[in-house]
Structures are given as structure tokens and as C-alpha cells.
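Participant: Have a look at this one.
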Amino acid sequence: MQNFLFVKNKKKKCIHEGLITESFPNDMLRVHLDNESLFLGYVSGKIQHNFIRILPADRVKVVFQL
């Protein structure tokens, strides 16, 4: 699944779905995307502000800014 969004400032954003494989102590996460890519990400925004925990084996949507 690959979606593209355009926002006011004309930056392209790409949305993917993935699975959390590892969680590190400093709120970093290892994510395995559905297209077989593996990357290191972090939690931001309201999720981090409200102390919502993301555990391994959780499904997530990831937004990349191009």
C-alpha cells in the first residue's frame, strides 16, 4: 500500500504500513514495512505527548516526507 499526500507547502508525503519488530529504550522503533523494507523510526506528536506506548508486534502507519 502506497499513498501520496500533498500539503500546503507542496511537500510530498508517502504513507506505508508496517510492523514494529524492536523497541529501543530511547523511544526509537525498528519497523518492518509491508514492502520488505526495514528502518529505524521514532514516535512524535500526540502519541509521544500522551505517553502512548507502542510495543513490538503492533501494526503502524508510517509517513515519510520526500
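We name chains A, B, ... following the order of the C-alpha cells; residues begin at 1 in each chain, and ligands are numbered from 1 as shown.
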Just the residues within 7 Å of stretch 24-29 of chain A, please, counting only C-alpha atoms, with nothing from its chain fewer than 6 positions along; format it as a list in words.
Facilitator: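 With the cut-off at 7 Å, the set is Leu40, Gly41, Tyr42 and Val43 of chain A.
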Participant: Put those residues in a file: all heavy atoms, as a tab-separated table (two decimals), in the first residue's frame.
Facilitator:
```tsv
chain	number	residue	atom	x	y	z
A	40	LEU	N	14.62	2.42	10.96
A	40	LEU	CA	14.58	2.87	12.34
A	40	LEU	C	13.77	4.16	12.38
A	40	LEU	O	14.06	5.10	11.64
A	40	LEU	CB	16.01	3.11	12.83
A	40	LEU	CG	16.21	3.36	14.30
A	40	LEU	CD1	15.81	2.12	15.09
A	40	LEU	CD2	17.66	3.69	14.57
A	41	GLY	N	12.75	4.21	13.23
A	41	GLY	CA	11.90	5.38	13.31
A	41	GLY	C	11.70	5.83	14.75
A	41	GLY	O	12.24	5.24	15.68
A	42	TYR	N	10.91	6.87	14.91
A	42	TYR	CA	10.63	7.38	16.25
A	42	TYR	C	9.17	7.82	16.33
A	42	TYR	O	8.50	8.00	15.32
A	42	TYR	CB	11.56	8.54	16.60
A	42	TYR	CG	11.41	9.74	15.72
A	42	TYR	CD1	10.54	10.77	16.05
A	42	TYR	CD2	12.14	9.86	14.54
A	42	TYR	CE1	10.40	11.87	15.24
A	42	TYR	CE2	12.00	10.95	13.73
A	42	TYR	CZ	11.13	11.96	14.09
A	42	TYR	OH	10.99	13.05	13.28
A	43	VAL	N	8.70	8.00	17.54
A	43	VAL	CA	7.33	8.41	17.80
A	43	VAL	C	7.32	9.91	17.99
A	43	VAL	O	8.16	10.47	18.67
A	43	VAL	CB	6.79	7.71	19.07
A	43	VAL	CG1	5.41	8.17	19.39
A	43	VAL	CG2	6.83	6.21	18.88
```
Participant: Applying 8 Å and only C-alpha atoms, which residues near A:Leu66 remain after dropping the ones on its own chain fewer than 6 positions away? List them as a list in words.
Facilitator: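 After dropping sequence-adjacent residues, the list is Lys11, Lys12, Lys13 and Cys14 of chain A.
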Participant: Nearest residue to A:Leu38 out of A:Ser23, A:Asp58, A:Phe64, A:Gly18, using only C-alpha atoms?
Facilitator: A:Gly18
Participant: May I ask for the distance between atom CA of A:Asn35 and atom CA of A:Ile52, given in Å to one decimal place?
Facilitator: 26.2 Å
Participant: If you run DSSP over the backbone, which residues in chain A end up alpha helix (DSSP H)? Put them as a PyMOL selection string.
Facilitator: chain A and resi 46-49
Participant: With C-alpha atoms retained, write the just-selected residues as a PDB file, in the first residue's frame.
Facilitator:
```pdb
ATOM      1  CA  LYS A  46       0.266  13.376  20.210  1.00  0.00           C
ATOM      2  CA  ILE A  47       1.381   9.761  20.649  1.00  0.00           C
ATOM      3  CA  GLN A  48       4.549  10.879  22.449  1.00  0.00           C
ATOM      4  CA  HIS A  49       2.840  13.739  24.295  1.00  0.00           C
TER       5      HIS A  49
END
```
